[in-house]
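Read the structure below first, then the notes.
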Amino acid sequence: MTTVDQNTLRRRGTGLRAHDPARSYGGHTLYTPIAGMGDVYLVDIHGEVAHQWTLPHPPGRHAQLLPDGTLFYQGKDTEAGNPLFPIWEVYHGGIFQLVAPDGTLLREARHLYHHHDASLLANGNLILLAVEPVPPALAARIPGGIPGTEAPDGRIWGDVVYEMTWDGDILWRWASFEQLDIEGTPLNRHFAREHWPMANTVNELRDGSIMVGFRSASTAVVIDRATSHVTWRLGPDVLAQQHHPHELDSGTILIFDNGSYRDDTSVPYSRVIEVDRESRKIVWSYEDNPPQNFYSPYMSSAQRLPNGNTFVAEGSFGRLFEVTPDGDIVWEYVVPHFGTFGTGVGLESSRGAQNAVFRAHRYGPQYTAWLRPHEGR
């Protein structure tokens, strides 16, 4: 008697699904199963695991590879105490580590209120997302969201950005509720009011400015570190619950636009867009045909590759693919590692076995010279 696998994604097939060697950039792909226990995988262009890290902390979202082969890993502090609100248990992190290829811990820092994302600045310090309680008078002014869905203690937690040394010293602080136009940054009406505006991305631009993306307000901003002023902003007239806005070498901004609640369509679909900073116009985009074939309601990322292709993580479903400028798929891989968050954790999207990844990255040979010959085949 044949047993039917009751997990829809796994039943459709996992691992390498497509590869056009003539048009693919090649290289190695790094991903971290979000419901895993701390495994990070580096797979070659044939979909074979070339290297694996097994770390002692579950992922606090994702990992990145540095040019010398060191892994920058964001882990989840499972001993941090009671969650601030239900979904906090899923997306908080708190642990930052530099890990050698052999698993040796080289450096570690922690911040109790970190969530979603962190990256390394050019000066070697950390730039990270965290939360602080919004003062009640300001919290009362925050528009939108689902009425009555503040945190259990009645608070709204607001996003802050810290520059932090590896010794834990805070050198710079930027608070959303002190710098953003509160009334002009409403929560989408489908999101809880416990967390505003719910940042999911932070990274440094070439001029030293800081880019932050706010999912629940469908807004991305650039912040001048010297003044803390917002110098650039893209809002819900273009974006819909986006992830991973970041600067390309050309100065344009690449964004994974998730697209659950667009005002101009009843069909949810995702797209990857490249936006000119000066005009705020979309200069390149990728959508599937029909568009609903490509859709991740949360998480996800996009990365421009040196050959002009774009590497995409359709994060909710663990689908990683490479697309040409003309929109042709030339590589596709579905994460075969499924895990669970456990019962009673977060929202309904956290139930059941899933192969989701928050973000994934493609790396060329300059990042993987440390691989032993049998690993880099």
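The chains in the structure tokens are called A, B, ... from first to last as shown; in each chain the residues are counted from 1, and the ligands are counted from 1 in the order shown.
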Who sits within 7 Å of range 63-68 of chain A, only C-alpha atoms, same chain under 5 positions skipped, as a ChimeraX atom specification = /A:32,73-74,366-367
Check the DSSP output for the backbone and give back, as a PyMOL selection string, the residues of range 226-327 of chain A in strand (DSSP E or B).
-> chain A and resi 230-234+243-247+253-257+271-275+282-286+301-304+310-314+319-323
I'd like the contact shell of Arg280 in chain A - 9 Å cut-off, only C-alpha atoms, skipping same-chain residues fewer than 4 positions apart - returned as a PDB file with N, CA, C and O atoms, in the first residue's frame.
```pdb
ATOM      1  N   ARG A 233      12.223  57.753   0.750  1.00  0.00           N
ATOM      2  CA  ARG A 233      11.114  56.925   1.232  1.00  0.00           C
ATOM      3  C   ARG A 233      10.324  56.401   0.044  1.00  0.00           C
ATOM      4  O   ARG A 233      10.062  57.120  -0.917  1.00  0.00           O
ATOM      5  N   LEU A 234       9.946  55.134   0.118  1.00  0.00           N
ATOM      6  CA  LEU A 234       9.065  54.518  -0.867  1.00  0.00           C
ATOM      7  C   LEU A 234       7.946  53.849  -0.095  1.00  0.00           C
ATOM      8  O   LEU A 234       8.206  53.105   0.857  1.00  0.00           O
ATOM      9  N   VAL A 238       3.642  51.920  -4.059  1.00  0.00           N
ATOM     10  CA  VAL A 238       4.474  51.019  -4.872  1.00  0.00           C
ATOM     11  C   VAL A 238       4.614  49.657  -4.213  1.00  0.00           C
ATOM     12  O   VAL A 238       4.557  48.621  -4.881  1.00  0.00           O
ATOM     13  N   VAL A 275      14.228  49.807  -8.380  1.00  0.00           N
ATOM     14  CA  VAL A 275      13.649  51.155  -8.329  1.00  0.00           C
ATOM     15  C   VAL A 275      14.756  52.199  -8.439  1.00  0.00           C
ATOM     16  O   VAL A 275      15.779  52.111  -7.737  1.00  0.00           O
ATOM     17  N   ASP A 276      14.551  53.173  -9.305  1.00  0.00           N
ATOM     18  CA  ASP A 276      15.453  54.312  -9.396  1.00  0.00           C
ATOM     19  C   ASP A 276      15.228  55.225  -8.197  1.00  0.00           C
ATOM     20  O   ASP A 276      14.089  55.618  -7.916  1.00  0.00           O
TER      21      ASP A 276
END
```
Name the residues in contact with Pro236 in chain A at a cut-off of 9 Å, using only C-alpha atoms, excluding same-chain residues fewer than 6 positions from it; report them as a PyMOL selection string.
-> chain A and resi 217-219+262-263
Given the selection you just returned, output its residues as a file containing N, CA and C atoms, formatted as an mmCIF file, in the first residue's frame.
```cif
data_model
loop_
_atom_site.group_PDB
_atom_site.id
_atom_site.type_symbol
_atom_site.label_atom_id
_atom_site.label_comp_id
_atom_site.auth_asym_id
_atom_site.auth_seq_id
_atom_site.Cartn_x
_atom_site.Cartn_y
_atom_site.Cartn_z
ATOM 1 N N ALA A 217 3.873 48.421 7.284
ATOM 2 C CA ALA A 217 3.502 49.730 6.741
ATOM 3 C C ALA A 217 3.851 49.841 5.262
ATOM 4 N N SER A 218 4.334 48.751 4.647
ATOM 5 C CA SER A 218 4.709 48.737 3.229
ATOM 6 C C SER A 218 5.537 49.968 2.868
ATOM 7 N N THR A 219 6.629 50.156 3.589
ATOM 8 C CA THR A 219 7.452 51.346 3.442
ATOM 9 C C THR A 219 8.928 50.976 3.583
ATOM 10 N N ARG A 262 -2.213 44.395 -2.096
ATOM 11 C CA ARG A 262 -2.165 45.537 -3.005
ATOM 12 C C ARG A 262 -3.564 46.106 -3.203
ATOM 13 N N ASP A 263 -3.623 47.425 -3.277
ATOM 14 C CA ASP A 263 -4.921 48.081 -3.402
ATOM 15 C C ASP A 263 -5.514 47.976 -4.803
#
```
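The space between CA of Tyr269 in chain A and CA of Asp257 in chain A spans 8.8 Å.
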Which residues, written as an MDAnalysis selection string, have at least one atom at most 7 Å from range 164-171 of chain A, with only C-alpha atoms counted and residues fewer than 6 positions away on the same chain left out?
-> chainID A and resid 108:109 125:127
Keeping all heavy atoms, export the residues of the selection given above as a PDB file, in the first residue's frame.
```
ATOM      1  N   GLU A 108      31.060  36.489  19.296  1.00  0.00           N
ATOM      2  CA  GLU A 108      29.625  36.479  19.600  1.00  0.00           C
ATOM      3  C   GLU A 108      29.229  37.757  20.309  1.00  0.00           C
ATOM      4  O   GLU A 108      29.986  38.309  21.111  1.00  0.00           O
ATOM      5  CB  GLU A 108      29.266  35.274  20.469  1.00  0.00           C
ATOM      6  CG  GLU A 108      27.778  35.207  20.826  1.00  0.00           C
ATOM      7  CD  GLU A 108      27.415  33.965  21.621  1.00  0.00           C
ATOM      8  OE1 GLU A 108      27.523  32.855  21.060  1.00  0.00           O
ATOM      9  OE2 GLU A 108      27.046  34.103  22.808  1.00  0.00           O
ATOM     10  N   ALA A 109      28.041  38.232  19.987  1.00  0.00           N
ATOM     11  CA  ALA A 109      27.417  39.352  20.695  1.00  0.00           C
ATOM     12  C   ALA A 109      25.935  39.034  20.845  1.00  0.00           C
ATOM     13  O   ALA A 109      25.391  38.186  20.125  1.00  0.00           O
ATOM     14  CB  ALA A 109      27.624  40.658  19.930  1.00  0.00           C
ATOM     15  N   ASN A 125      31.370  46.985  12.873  1.00  0.00           N
ATOM     16  CA  ASN A 125      30.332  46.928  13.900  1.00  0.00           C
ATOM     17  C   ASN A 125      29.062  46.290  13.345  1.00  0.00           C
ATOM     18  O   ASN A 125      28.918  46.077  12.131  1.00  0.00           O
ATOM     19  CB  ASN A 125      30.017  48.333  14.425  1.00  0.00           C
ATOM     20  CG  ASN A 125      31.147  48.909  15.249  1.00  0.00           C
ATOM     21  OD1 ASN A 125      31.964  48.177  15.801  1.00  0.00           O
ATOM     22  ND2 ASN A 125      31.214  50.233  15.337  1.00  0.00           N
ATOM     23  N   LEU A 126      28.122  46.021  14.223  1.00  0.00           N
ATOM     24  CA  LEU A 126      26.825  45.470  13.856  1.00  0.00           C
ATOM     25  C   LEU A 126      25.810  46.588  13.674  1.00  0.00           C
ATOM     26  O   LEU A 126      25.807  47.563  14.422  1.00  0.00           O
ATOM     27  CB  LEU A 126      26.332  44.524  14.953  1.00  0.00           C
ATOM     28  CG  LEU A 126      27.160  43.270  15.197  1.00  0.00           C
ATOM     29  CD1 LEU A 126      26.974  42.775  16.624  1.00  0.00           C
ATOM     30  CD2 LEU A 126      26.789  42.183  14.208  1.00  0.00           C
ATOM     31  N   ILE A 127      24.937  46.441  12.691  1.00  0.00           N
ATOM     32  CA  ILE A 127      23.744  47.284  12.591  1.00  0.00           C
ATOM     33  C   ILE A 127      22.566  46.326  12.708  1.00  0.00           C
ATOM     34  O   ILE A 127      22.504  45.306  12.014  1.00  0.00           O
ATOM     35  CB  ILE A 127      23.705  48.092  11.278  1.00  0.00           C
ATOM     36  CG1 ILE A 127      22.624  49.174  11.332  1.00  0.00           C
ATOM     37  CG2 ILE A 127      23.593  47.224  10.050  1.00  0.00           C
ATOM     38  CD1 ILE A 127      23.025  50.410  12.072  1.00  0.00           C
TER      39      ILE A 127
END
```
Give one line per residue of range 96-191 of chain A that approaches range 39-61 of chain A to at most 12 Å, naming the two atoms of the closest pair and their distance in Å to one decimal, counting only C-alpha atoms; sort by chain then ascending residue number and deliver it as CSV.
```
residue,atom,partner,partner_atom,distance
A:Phe96,CA,A:Gly60,CA,8.9
A:Gln97,CA,A:Leu55,CA,10.1
A:Leu98,CA,A:Leu55,CA,11.2
A:Val99,CA,A:Trp53,CA,8.8
A:Ala100,CA,A:Trp53,CA,9.1
A:Pro101,CA,A:Trp53,CA,7.3
A:Asp102,CA,A:Trp53,CA,7.6
A:Gly103,CA,A:Trp53,CA,6.2
A:Thr104,CA,A:Leu55,CA,9.7
A:Leu105,CA,A:Leu55,CA,9.4
A:Arg110,CA,A:Gly60,CA,11.6
A:His111,CA,A:Gly60,CA,11.8
A:Leu112,CA,A:Gly60,CA,11.9
A:Tyr113,CA,A:Gly60,CA,11.7
A:His114,CA,A:Gly60,CA,9.0
A:His115,CA,A:Gly60,CA,7.3
A:His116,CA,A:Arg61,CA,5.9
A:Asp117,CA,A:Arg61,CA,7.1
A:Ala118,CA,A:Arg61,CA,9.7
A:Leu129,CA,A:Gly60,CA,11.8
```
Write out as a VMD selection string which residues come within 8 Å of Met299 in chain A when counting only C-alpha atoms, dropping same-chain ones fewer than 5 positions away.
-> chain A and resid 243 314 to 316 357 to 359
Write down as a ChimeraX atom specification the residues of range 105-153 of chain A whose backbone DSSP state falls under helix (DSSP H, G or I).
-> /A:136-139
